Structure formats: C-alpha cells, structure tokens
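Data from upload_0.txt: compact mmCIF, C-alpha atoms and all ligand atoms
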# COMPACT_ATOMS: atom_id res chain seq x y z
CA MET A 117 122.04 113.19 113.75
CA ALA A 118 124.14 115.62 111.75
CA LEU A 119 122.45 117.11 108.71
CA SER A 120 123.97 116.43 105.27
CA THR A 121 124.62 118.66 102.30
CA GLN A 122 121.37 117.43 100.73
CA ASP A 123 119.42 118.17 103.93
CA PHE A 124 120.58 121.79 103.94
CA ILE A 125 119.81 122.22 100.25
CA ASP A 126 116.33 120.79 100.82
CA LEU A 127 115.72 123.25 103.68
CA ASP A 128 116.76 126.19 101.50
CA ASN A 129 114.51 125.04 98.68
CA GLN A 130 111.52 124.44 100.92
CA TYR A 131 111.68 127.52 103.14
CA GLY A 132 113.76 130.03 101.19
CA ALA A 133 112.54 132.18 98.32
CA HIS A 134 114.03 130.95 95.06
CA ASN A 135 115.74 134.23 94.17
CA TYR A 136 119.12 132.54 93.62
CA HIS A 137 120.30 129.44 91.75
CA PRO A 138 123.35 128.38 93.81
CA LEU A 139 125.76 125.58 93.04
CA PRO A 140 124.71 122.48 95.00
CA VAL A 141 127.37 122.89 97.68
CA VAL A 142 126.90 123.82 101.34
CA ILE A 143 129.61 125.72 103.16
CA ALA A 144 129.84 124.89 106.84
CA ALA A 145 133.30 126.17 107.78
CA ALA A 146 135.87 128.48 106.23
CA LYS A 147 139.40 129.74 106.78
CA GLY A 148 141.58 131.90 104.55
CA ALA A 149 141.06 130.88 100.93
CA ARG A 150 139.40 127.54 101.74
CA VAL A 151 135.97 126.35 102.79
CA TRP A 152 134.55 122.99 103.92
CA ASP A 153 131.16 121.34 103.44
CA PRO A 154 129.25 119.41 106.15
CA GLU A 155 130.92 116.15 105.05
CA GLY A 156 134.36 117.73 105.46
CA ARG A 157 135.18 118.09 101.74
CA GLU A 158 137.60 120.97 101.16
CA TYR A 159 137.30 123.59 98.40
CA TYR A 160 139.13 126.71 97.31
CA ASP A 161 136.76 129.69 97.33
CA PHE A 162 137.11 131.39 93.95
CA LEU A 163 134.17 133.76 94.44
CA SER A 164 135.02 135.33 97.82
CA ALA A 165 131.35 136.31 98.30
CA TYR A 166 131.57 138.55 95.22
CA SER A 167 134.79 140.11 96.58
CA ALA A 168 133.48 140.75 100.09
CA VAL A 169 136.11 138.34 101.46
CA ASN A 170 139.29 139.92 100.05
CA GLN A 171 141.01 139.54 103.44
CA GLY A 172 140.18 135.81 103.55
CA HIS A 173 137.70 133.94 105.71
CA LEU A 174 138.00 134.40 109.48
CA HIS A 175 141.05 136.64 109.35
CA PRO A 176 142.38 136.55 112.95
CA HIS A 177 142.94 140.33 113.16
CA ILE A 178 139.39 141.05 111.98
CA ILE A 179 137.77 138.36 114.15
CA ARG A 180 139.69 139.68 117.18
CA ALA A 181 138.37 143.21 116.50
CA LEU A 182 134.86 141.76 116.17
CA GLN A 183 135.11 139.86 119.45
CA ASP A 184 136.70 142.73 121.39
CA GLN A 185 134.10 145.23 120.24
CA ALA A 186 131.26 142.74 120.79
CA GLN A 187 132.20 142.73 124.49
CA ARG A 188 132.06 146.53 124.77
CA CYS A 189 129.30 148.08 122.68
CA THR A 190 127.63 147.00 119.44
CA LEU A 191 124.86 149.43 118.52
CA THR A 192 123.99 152.99 119.48
CA SER A 193 122.14 154.46 116.45
CA ARG A 194 123.14 157.89 115.22
CA ALA A 195 120.94 159.62 117.77
CA PHE A 196 124.13 159.57 119.90
CA HIS A 197 127.82 159.61 119.04
CA ASN A 198 129.86 156.46 119.59
CA ASP A 199 133.58 156.08 120.24
CA ARG A 200 134.34 153.99 117.13
CA MET A 201 132.65 155.65 114.13
CA GLY A 202 134.80 158.78 113.98
CA LEU A 203 137.99 156.74 114.17
CA PHE A 204 136.69 154.50 111.39
CA LEU A 205 135.71 157.40 109.13
CA LYS A 206 139.07 159.12 109.68
CA ARG A 207 140.83 155.89 108.77
CA LEU A 208 138.65 155.43 105.68
CA CYS A 209 139.24 159.02 104.55
CA GLU A 210 143.00 158.56 104.95
CA TYR A 211 142.88 155.28 103.06
CA THR A 212 140.84 156.69 100.17
CA GLY A 213 142.11 160.27 100.08
CA TYR A 214 138.74 162.00 100.53
CA GLU A 215 137.68 164.58 103.12
CA MET A 216 134.48 162.95 104.37
CA ALA A 217 132.66 159.64 104.50
CA LEU A 218 129.05 158.60 105.10
CA PRO A 219 128.65 155.08 106.52
CA MET A 220 125.82 152.75 105.50
CA ASN A 221 125.42 148.96 105.53
CA THR A 222 124.87 147.28 102.18
CA GLY A 223 126.34 148.33 98.87
CA ALA A 224 122.91 149.21 97.50
CA GLU A 225 122.49 151.73 100.34
CA ALA A 226 125.82 153.34 99.49
CA VAL A 227 124.64 153.60 95.89
CA GLU A 228 121.33 155.16 96.98
CA THR A 229 123.33 157.60 99.10
CA ALA A 230 125.49 158.61 96.14
CA MET A 231 122.45 159.08 93.92
CA LYS A 232 120.80 161.27 96.56
CA MET A 233 123.99 163.30 96.92
CA ALA A 234 124.20 163.82 93.17
CA ARG A 235 120.55 164.87 92.86
CA ARG A 236 120.77 167.28 95.77
CA TRP A 237 124.07 168.71 94.57
CA GLY A 238 122.53 169.15 91.12
CA ALA A 239 119.58 171.06 92.55
CA GLU A 240 121.44 173.13 95.12
CA LYS A 241 124.82 173.80 93.48
CA LYS A 242 124.06 173.58 89.79
CA GLY A 243 120.56 175.04 89.85
CA ILE A 244 118.86 172.12 88.12
CA PRO A 245 115.13 172.36 88.94
CA ASN A 246 114.26 169.66 91.49
CA GLY A 247 112.70 166.70 89.71
CA ARG A 248 114.70 167.19 86.52
CA GLN A 249 118.11 165.88 87.70
CA GLU A 250 119.60 163.23 85.43
CA ILE A 251 122.32 160.69 86.23
CA ILE A 252 124.14 159.01 83.35
CA VAL A 253 124.80 155.29 83.87
CA ALA A 254 126.16 152.48 81.67
CA GLU A 255 124.65 149.48 79.93
CA GLU A 256 125.24 146.14 81.70
CA ASN A 257 125.74 147.95 85.01
CA PHE A 258 125.28 146.27 88.35
CA HIS A 259 124.75 148.62 91.27
CA GLY A 260 122.39 146.67 93.54
CA ARG A 261 118.77 145.63 93.92
CA THR A 262 116.63 148.53 95.14
CA ILE A 263 113.74 149.75 92.97
CA ALA A 264 115.65 152.91 91.98
CA ILE A 265 118.78 150.94 91.10
CA ILE A 266 117.07 148.22 89.06
CA SER A 267 115.19 150.98 87.24
CA TYR A 268 118.34 151.57 85.21
CA SER A 269 119.53 147.97 85.00
CA THR A 270 119.71 146.53 81.48
CA ASP A 271 119.45 142.94 82.77
CA PRO A 272 115.86 141.76 82.14
CA ASP A 273 116.02 139.26 85.05
CA ALA A 274 116.79 142.08 87.48
CA ARG A 275 113.98 144.37 86.21
CA ILE A 276 111.03 142.46 84.85
CA ASN A 277 107.62 143.34 86.38
CA TYR A 278 109.06 145.63 89.06
CA GLY A 279 107.54 148.76 87.56
CA PRO A 280 106.80 151.59 87.82
CA TYR A 281 110.47 152.37 87.34
CA CYS A 282 112.27 155.34 88.82
CA PRO A 283 112.96 158.12 86.27
CA GLY A 284 116.03 160.34 86.08
CA PHE A 285 118.59 157.90 84.67
CA VAL A 286 120.07 157.91 81.19
CA VAL A 287 121.69 154.64 80.10
CA VAL A 288 124.58 154.81 77.63
CA LYS A 289 127.04 152.33 76.15
CA TYR A 290 129.87 151.33 78.50
CA ASN A 291 133.45 151.99 77.44
CA SER A 292 132.45 154.94 75.23
CA ALA A 293 133.32 158.42 76.47
CA ALA A 294 131.62 159.86 73.39
CA ALA A 295 128.33 158.21 74.42
CA ILE A 296 128.55 160.00 77.77
CA GLU A 297 129.39 163.34 76.18
CA ASP A 298 126.40 162.98 73.81
CA ALA A 299 124.02 162.20 76.67
CA ILE A 300 124.87 165.28 78.75
CA THR A 301 122.10 167.88 79.04
CA ALA A 302 121.57 170.96 81.21
CA ASP A 303 119.90 168.61 83.70
CA THR A 304 122.80 166.17 84.06
CA CYS A 305 124.20 166.14 87.59
CA ALA A 306 126.42 163.05 87.54
CA VAL A 307 127.96 160.13 85.68
CA PHE A 308 127.89 156.91 87.69
CA ILE A 309 129.85 153.88 86.44
CA GLU A 310 131.84 150.85 87.55
CA PRO A 311 135.54 151.27 86.67
CA ILE A 312 135.45 147.55 85.75
CA GLN A 313 132.02 145.92 85.35
CA GLY A 314 132.21 142.91 87.67
CA GLU A 315 128.77 141.31 87.37
CA ALA A 316 128.71 141.89 83.62
CA GLY A 317 131.62 139.42 83.43
CA VAL A 318 134.67 141.48 84.38
CA ASN A 319 134.36 143.99 81.54
CA VAL A 320 137.62 145.93 81.63
CA PRO A 321 137.23 149.20 79.70
CA ASP A 322 139.88 150.39 77.25
CA GLU A 323 142.83 152.32 78.61
CA GLY A 324 141.93 156.00 78.63
CA TYR A 325 138.17 155.56 79.15
CA LEU A 326 138.18 156.54 82.82
CA GLN A 327 140.46 159.50 82.16
CA ALA A 328 138.16 160.65 79.35
CA VAL A 329 135.10 160.36 81.62
CA ARG A 330 136.97 162.32 84.29
CA ASP A 331 137.76 165.08 81.77
CA ILE A 332 134.17 165.24 80.49
CA CYS A 333 132.78 165.51 84.03
CA THR A 334 135.25 168.26 84.92
CA ARG A 335 134.53 170.20 81.73
CA HIS A 336 130.73 170.02 82.21
CA ARG A 337 130.95 170.46 86.00
CA ILE A 338 129.11 167.26 86.81
CA LEU A 339 129.99 164.63 89.38
CA PHE A 340 132.06 161.61 88.40
CA MET A 341 130.88 158.85 90.71
CA ALA A 342 132.68 155.49 90.63
CA ASP A 343 131.14 152.33 92.04
CA GLU A 344 134.12 150.56 93.66
CA ILE A 345 131.99 148.21 95.75
CA GLN A 346 133.32 145.11 93.95
CA THR A 347 136.54 146.46 92.44
CA GLY A 348 137.80 148.35 95.49
CA PHE A 349 140.02 147.40 98.41
CA CYS A 350 142.88 145.81 96.46
CA ARG A 351 140.84 143.35 94.41
CA THR A 352 142.21 144.55 91.05
CA GLY A 353 145.84 144.95 92.14
CA LYS A 354 145.53 148.57 93.26
CA LYS A 355 143.64 150.05 96.20
CA PHE A 356 140.89 151.04 93.75
CA ALA A 357 140.32 150.22 90.09
CA VAL A 358 140.37 153.94 89.19
CA ASP A 359 144.01 153.97 90.35
CA HIS A 360 144.97 152.04 87.21
CA GLU A 361 144.42 155.29 85.32
CA GLY A 362 145.50 157.51 88.18
CA ILE A 363 142.22 159.40 88.24
CA ARG A 364 140.20 160.64 91.19
CA PRO A 365 136.40 160.46 91.02
CA ASP A 366 134.38 163.06 92.93
CA VAL A 367 132.49 160.32 94.74
CA MET A 368 133.18 156.62 95.37
CA THR A 369 130.71 154.05 96.60
CA LEU A 370 132.36 151.38 98.76
CA GLY A 371 131.16 148.16 100.38
CA LYS A 372 131.79 144.43 100.24
CA ALA A 373 135.41 143.96 101.47
CA LEU A 374 135.03 146.99 103.76
CA GLY A 375 133.22 144.53 106.02
CA GLY A 376 136.26 142.22 106.12
CA GLY A 377 134.21 139.17 105.21
CA VAL A 378 132.16 139.49 108.39
CA PHE A 379 129.04 141.53 107.66
CA PRO A 380 127.85 144.41 105.50
CA VAL A 381 129.68 147.71 105.90
CA SER A 382 129.38 150.29 103.14
CA ALA A 383 130.20 153.96 102.72
CA VAL A 384 130.28 156.85 100.32
CA VAL A 385 133.42 158.99 100.25
CA ALA A 386 133.64 162.51 98.78
CA ASP A 387 135.04 165.92 99.57
CA LYS A 388 133.20 168.46 101.77
CA GLU A 389 131.88 170.46 98.83
CA PHE A 390 129.77 167.45 97.78
CA MET A 391 129.13 165.70 101.10
CA GLY A 392 128.04 169.08 102.47
CA VAL A 393 124.65 168.76 100.75
CA PHE A 394 123.55 166.37 103.48
CA THR A 395 121.94 168.17 106.42
CA PRO A 396 120.44 166.72 109.63
CA GLY A 397 117.40 164.61 108.82
CA SER A 398 118.10 164.48 105.08
CA HIS A 399 119.53 160.95 105.08
CA GLY A 400 120.36 158.20 107.54
CA SER A 401 120.45 154.59 108.60
CA THR A 402 119.75 152.94 111.95
CA PHE A 403 122.75 150.62 111.67
CA GLY A 404 125.11 152.78 109.57
CA GLY A 405 128.30 153.64 111.48
CA ASN A 406 127.54 151.30 114.37
CA PRO A 407 130.49 150.61 116.69
CA LEU A 408 130.77 146.91 115.84
CA ALA A 409 130.85 147.59 112.10
CA SER A 410 133.28 150.47 112.60
CA ALA A 411 135.69 148.28 114.56
CA VAL A 412 135.49 145.49 111.98
CA ALA A 413 135.98 147.89 109.05
CA MET A 414 139.06 149.45 110.64
CA ALA A 415 140.55 145.98 111.09
CA ALA A 416 139.59 145.14 107.49
CA LEU A 417 141.58 148.17 106.26
CA ASP A 418 144.55 147.22 108.49
CA VAL A 419 144.79 143.82 106.84
CA LEU A 420 144.77 145.26 103.31
CA GLU A 421 147.75 147.45 104.19
CA ASP A 422 149.65 145.18 106.59
CA GLU A 423 149.62 142.29 104.12
CA ASN A 424 150.24 144.35 100.97
CA LEU A 425 147.19 142.82 99.37
CA ALA A 426 147.17 145.20 96.38
CA GLU A 427 150.67 144.15 95.29
CA LYS A 428 149.83 140.54 96.00
CA ALA A 429 146.65 140.65 93.91
CA ASP A 430 148.57 142.26 91.06
CA GLU A 431 151.31 139.62 91.06
CA LEU A 432 149.09 136.56 91.56
CA GLY A 433 146.57 137.91 89.03
CA ARG A 434 149.22 138.09 86.32
CA ARG A 435 150.20 134.51 87.12
CA PHE A 436 146.55 133.39 86.97
CA ARG A 437 145.93 134.92 83.53
CA GLU A 438 149.22 133.69 82.12
CA LYS A 439 148.64 130.07 83.21
CA ILE A 440 144.94 129.90 82.35
CA SER A 441 145.44 131.37 78.89
CA GLN A 442 147.74 128.41 78.12
CA ALA A 443 145.01 125.85 78.91
CA LYS A 444 144.04 123.72 75.91
CA CYS A 445 140.31 124.34 75.99
CA GLY A 446 138.51 124.62 72.65
CA LYS A 447 135.50 126.41 74.13
CA MET A 448 137.50 129.15 75.86
CA VAL A 449 137.74 132.42 73.90
CA GLN A 450 139.27 134.90 76.37
CA VAL A 451 140.86 135.28 79.79
CA ARG A 452 140.52 138.82 81.10
CA GLY A 453 140.70 140.86 84.25
CA ARG A 454 142.91 142.86 86.54
CA GLY A 455 144.57 141.69 89.73
CA LEU A 456 142.56 138.81 91.20
CA LEU A 457 139.31 139.84 89.52
CA ASN A 458 139.36 137.65 86.42
CA ALA A 459 136.98 135.91 84.06
CA VAL A 460 137.19 133.10 81.58
CA VAL A 461 134.89 133.76 78.63
CA PHE A 462 133.58 130.78 76.64
CA GLU A 463 131.90 130.65 73.23
CA ALA A 464 128.49 132.31 73.09
CA GLY A 465 125.78 129.80 74.05
CA PHE A 466 128.21 127.58 75.98
CA GLN A 467 126.84 126.39 79.34
CA ALA A 468 129.53 127.43 81.82
CA TRP A 469 127.41 125.88 84.59
CA ASP A 470 128.70 122.46 83.51
CA VAL A 471 132.27 123.68 83.99
CA CYS A 472 131.38 125.06 87.44
CA MET A 473 129.97 121.66 88.41
CA ARG A 474 133.17 119.92 87.29
CA LEU A 475 135.25 122.56 89.11
CA LYS A 476 133.27 121.85 92.26
CA GLU A 477 134.13 118.15 91.98
CA ALA A 478 137.78 119.19 91.57
CA GLY A 479 137.61 121.28 94.76
CA ILE A 480 137.17 124.74 93.22
CA LEU A 481 134.11 126.90 93.86
CA ALA A 482 133.38 129.44 91.13
CA LYS A 483 130.16 130.70 89.60
CA GLN A 484 129.21 131.52 86.05
CA THR A 485 127.75 134.87 85.12
CA HIS A 486 125.68 135.49 81.98
CA GLY A 487 125.73 131.77 81.16
CA HIS A 488 129.05 131.64 79.30
CA ILE A 489 131.47 133.50 81.60
CA ILE A 490 133.09 132.28 84.83
CA ARG A 491 134.51 134.78 87.28
CA PHE A 492 137.57 133.71 89.29
CA ALA A 493 138.16 135.87 92.35
CA PRO A 494 139.82 134.08 95.29
CA PRO A 495 140.52 135.80 98.60
CA LEU A 496 143.60 138.00 98.18
CA VAL A 497 145.31 136.16 101.05
CA ILE A 498 145.56 133.01 98.93
CA THR A 499 149.20 131.88 98.96
CA ARG A 500 151.21 131.30 95.82
CA ASP A 501 151.30 127.56 96.57
CA GLU A 502 147.55 127.46 97.05
CA LEU A 503 147.06 129.38 93.81
CA ASP A 504 149.32 126.96 91.93
CA ASP A 505 147.43 123.99 93.36
CA ALA A 506 144.13 125.59 92.35
CA LEU A 507 145.44 126.51 88.89
CA ALA A 508 146.41 122.90 88.18
CA ARG A 509 142.88 121.80 89.09
CA ILE A 510 141.19 124.56 87.07
CA ILE A 511 143.31 123.88 83.99
CA GLY A 512 142.61 120.15 84.32
CA VAL A 513 138.87 120.85 84.23
CA LEU A 514 139.09 123.40 81.40
CA GLU A 515 140.95 120.88 79.28
CA GLU A 516 138.00 118.47 79.53
CA PHE A 517 135.93 120.93 77.48
C1 LIG A 601 127.58 143.95 95.04
C2 LIG A 601 127.54 145.26 94.36
C3 LIG A 601 126.63 146.25 94.74
C4 LIG A 601 125.54 146.01 95.76
O1 LIG A 601 126.01 145.65 97.01
P1 LIG A 601 125.03 144.90 98.05
O2 LIG A 601 125.84 144.86 99.31
O3 LIG A 601 124.74 143.54 97.48
O4 LIG A 601 123.81 145.73 98.17
C5 LIG A 601 126.71 147.47 94.11
N1 LIG A 601 127.63 147.72 93.17
C6 LIG A 601 128.51 146.79 92.77
C7 LIG A 601 129.52 147.13 91.71
C8 LIG A 601 128.49 145.53 93.33
O5 LIG A 601 129.35 144.60 92.92

Represent the supplied structure as structure tokens.
Ligand SMILES: *Cc1c(COP(=O)(O)O)cnc(C)c1O
Amino acid sequence: MALSTQDFIDLDNQYGAHNYHPLPVVIAAAKGARVWDPEGREYYDFLSAYSAVNQGHLHPHIIRALQDQAQRCTLTSRAFHNDRMGLFLKRLCEYTGYEMALPMNTGAEAVETAMKMARRWGAEKKGIPNGRQEIIVAEENFHGRTIAIISYSTDPDARINYGPYCPGFVVVKYNSAAAIEDAITADTCAVFIEPIQGEAGVNVPDEGYLQAVRDICTRHRILFMADEIQTGFCRTGKKFAVDHEGIRPDVMTLGKALGGGVFPVSAVVADKEFMGVFTPGSHGSTFGGNPLASAVAMAALDVLEDENLAEKADELGRRFREKISQAKCGKMVQVRGRGLLNAVVFEAGFQAWDVCMRLKEAGILAKQTHGHIIRFAPPLVITRDELDDALARIIGVLEEF
C-alpha cells in the first residue's frame, strides 16, 4: 500500500534527528517550478531549496548531463586527474571572471576553504604571525554549520552549547562600512560578508555599502571575500549580487545553484595571487571536483546563460514586488529584495508560520525565517503565467491577515 503524507512525516519524526521544523508537506515529485505530494496535490516551490534550484527541478539539460556522465565515470578522487574537472573549472572561471577555482561539495566547505585561504594569505603575504589572523564578519550572517562558522554566528539557535568556539573572527554591524573600518587591526586578513543577507530575511544593504567595503579592503590590503552561495547564479537579477554595485571581490564562495538542483557542488574562486597559497596536501576533499559533479555543474552554468535567467529574475522580481506591495494586508510592513530573492516582512511578533500554512493550502510552498519574515524565491525558470497564477494565490492569502 502506498504511504501517505502523514506516514512520511511520522517516519521523519521517529527516525530523523529533529534539527529542522519543516512545513507538514511531503514532496514526492518535482518539475520546473512545481512540486507534487504523495497524494498528487500540486504546489509552486517558492523556496527552491534555499536557491539551490535556480534552474528549476529536473531541468532536462542538467539531468541529461547527469545521466550521460553517470554511464562513464562518477568518482576518481583527486589522487588522479579526471577528464571533467578541468573543463568545469575553466568554465566556472570564465563565468565568474577569476583566474582559478577550488571545487568542494557543500557551501560550508567552500566557506571553510575561503577562511583557510584568508588566514594563510595573511600569514604568508601580509606577515601576520600565525595564530593571530582575524577575519571581519557581519552580524546576522549565515555562512553554514561547521564549528568554525557557527563560532561567529549571532543566531543563538545556531550556536548554543557548541563551545568551545573558534577564535579569530570579529563581528561587526552589517551595512556599516564605518564599523568595518573601525574593526581593522594589524592582524586583519579579510572581510567576509554576504552581499545580501539571505537567511537573515533578505537584508539588502544600502547602495554604496559594497563599494565602500571594496575600497576599505583595497586601502588596507586585506581580502574582500563575498559569500555568493545563496545570492549567486542569477538569483538576484545579475550573475552575482556584487554586480549590482559593479564591484569585484578578491574571493567569492559559491555553492547551491552550482549543483543545478541535483546535488551539492561548491567552489571558491579567486585570482592566482590568492589561490596560490594552497600547496599540495594543504587542503582537499575526497569528493570535490568529481567528474559527475563537474558535468552537472557545467550543465547548470549552461542553463543560466542559455535561458537568460539573470534578466528573467530581474524582470519577474520587479513584477513580484510591485504586485505584492499592493496587497491589502494590515500585518505586512515591507516587501524587499532583488531579482527573485524577496521577502515579505510582517509586524514584529507576528507568526508568519500561520501564513505559510495558509499558503500551503493555496498551493504555494514558502518558509518563514526569524518568525515574522517570509522569503519568496521560486526557481528562475518560472514562467510569467505561472508567476501571475502564484501571485494571485499569495495575495489572496496575505489579504486574509
Ligand atoms: C546555504 C548557505 C551556506 C551553506 O551552504 P551548505 O551547502 O548548506 O553548507 C553558506 N552561505 C550562505 C550565504 C548560504 O546561503
């Protein structure tokens, strides 16, 4: 007998650690911007696996690349070369405009890689005594879940009772270039920020912030490292969120949509003068750069370009914000975002979970963040007609509150 939605939820609750609080919906099939539960109910996906599914579910070009490569060679480790990784890295360097790339798997591993690069560069190129390197990060950051990364999280849920915490990070206010300037010492090797803070509720910094951070880093000769794991790959209406200010970080961490909605593929990109600090044995990953991931990631980049997903995200995102901001919802205080990375902010203390439950009943899957904010981030392949259909449903639900 076929298992039901409730059966699958019960299995998760009984056998899975309770480290998430998901909406009570089970996804059993997916295509493009839509997903289906075991009973066949259809929903629009307005989370896109936290922007890992920018190209849409089961994109035929990406699935074909996956299947073709799966018949040839899937895993070699880096003890040997393979005939896919170099092609992938060349493609990624051309796409991003950097000289070199280092492939990993999850976003957190790309972040760890960037932090290692910054610390080593600080010691070897700036002469900071090893053990004293400092990286400046921002309040309300989200960079992943490793012990080092949560050591500088300001979210109590992410940190509590995971001590001892990793030293070497200085947390400053986001969206304040002055706060960064004030925090710089002789031991500072890098500034590491999200160009838009996604998990914090789509915090878009003021125009000029990224440029000011760029200038400060150049003036003090420290690395500007941008975490584009959630904001990258066309999500915000440009290839990367830093492109909105036309600035070029020294280092970018990439992940999520680089895997084309299939599996984790991450990377760090930088020029030779920074990437050069890595020497044989100094860093690595068993699965990083594997041929299957390389083939999938190349196809994922093809789709972004072939389907003009940056322009599409820009245009549909403007439409989304314009329509939603006209909804007659007394609890809604702001609609913000760039491209198709948007959030509706409700009054402080408002339980956005209740809205998410009503949205689910209306065929829209979205998840609240920080209790009173809902992020709306559909796959970038969503059509204009699908978006309009979804908008009517979302506005209908908002107007109940
Ligand atoms: C999701 C995310 C990460 C971590 O990626 P994982 O693949 O979950 O390890 C890091 N930085 C940002 C900005 C993210 O959104």

Environment of ligand LIG 601 (chain A) within 7 Å, counting all atoms listed in the file, reported as a list in words |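 Those residues are Tyr166, Thr222, Gly223, Ala224, Glu225, Val227, Phe258, His259, Gly260, Arg261, Glu310, Gln313, Gly314, Glu315, Asp343, Glu344, Ile345, Gln346, Gly371, Lys372 and Pro380 of chain A.
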
Coordinates-based distance that separates atom CA of A:Ala149 from atom CA of A:Phe204 (Å, one decimal) | 26.2 Å

d(atom CA of A:Ala478, atom CA of A:Asp153) in Å |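 Interatomic distance here is 13.8 Å.
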
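With only C-alpha atoms as the basis for measurement, A:Glu431 is the residue among A:Glu431, A:Asp126, A:Asp271, A:Glu477 that approaches A:Ile498 most closely.
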
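In this structure, atom CA of A:Ile511 sits 28.6 Å away from atom CA of A:Ile125.
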
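When all atoms listed in the file are used to measure the gap to A:His360, the shortest distance among A:Gln450, A:Gly455, A:Arg275, A:Ala294 belongs to A:Gly455.
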
If you count all atoms listed in the file, which residues fall within 9 Å of A:Thr270, apart from same-chain ones fewer than 2 positions away, as a ChimeraX atom specification?
-> /A:254-258,266-268,272-275,287

Do a neighbour search on A:Gly243 at 9 Å with only C-alpha atoms, toss out local chain neighbours closer than 5 positions, and write the hits as number ranges by chain.
-> A: 237-238, 303

From A:Phe356, A:Tyr211, A:Tyr325, A:Phe308, residue lying nearest A:Glu421 [all atoms listed in the file] =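 Smallest separation from A:Glu421 among the options: A:Tyr211.
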
A:Phe462, A:Asn135, A:Arg157, A:Glu323: which is nearest A:Ser120, counting all atoms listed in the file?
->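 That would be A:Arg157, the residue with the smallest distance to A:Ser120.
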
Selected residue of minimal separation from A:Glu427 among A:Thr352, A:Ser401, A:Asn458, A:Asn221, counting only C-alpha atoms =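 The shortest atom-to-atom distance to A:Glu427 comes from A:Thr352.
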
Might you pull out every residue within 12 Å of A:Ile179, with all atoms listed in the file counted and same-chain residues fewer than 6 positions away left off, and present them as a list in words?
-> Lys147, Gln171, Gly172, His173, Gln185, Ala186, Gly375, Gly376, Gly377, Val378, Phe379, Leu408, Ala409, Ala411, Val412, Ala413, Met414, Ala415, Ala416 and Val419 of chain A

Restricting to only C-alpha atoms, whichever of A:Gly446, A:Gly353, A:Gly202, A:Pro396 is closest to A:Asp430 is A:Gly353
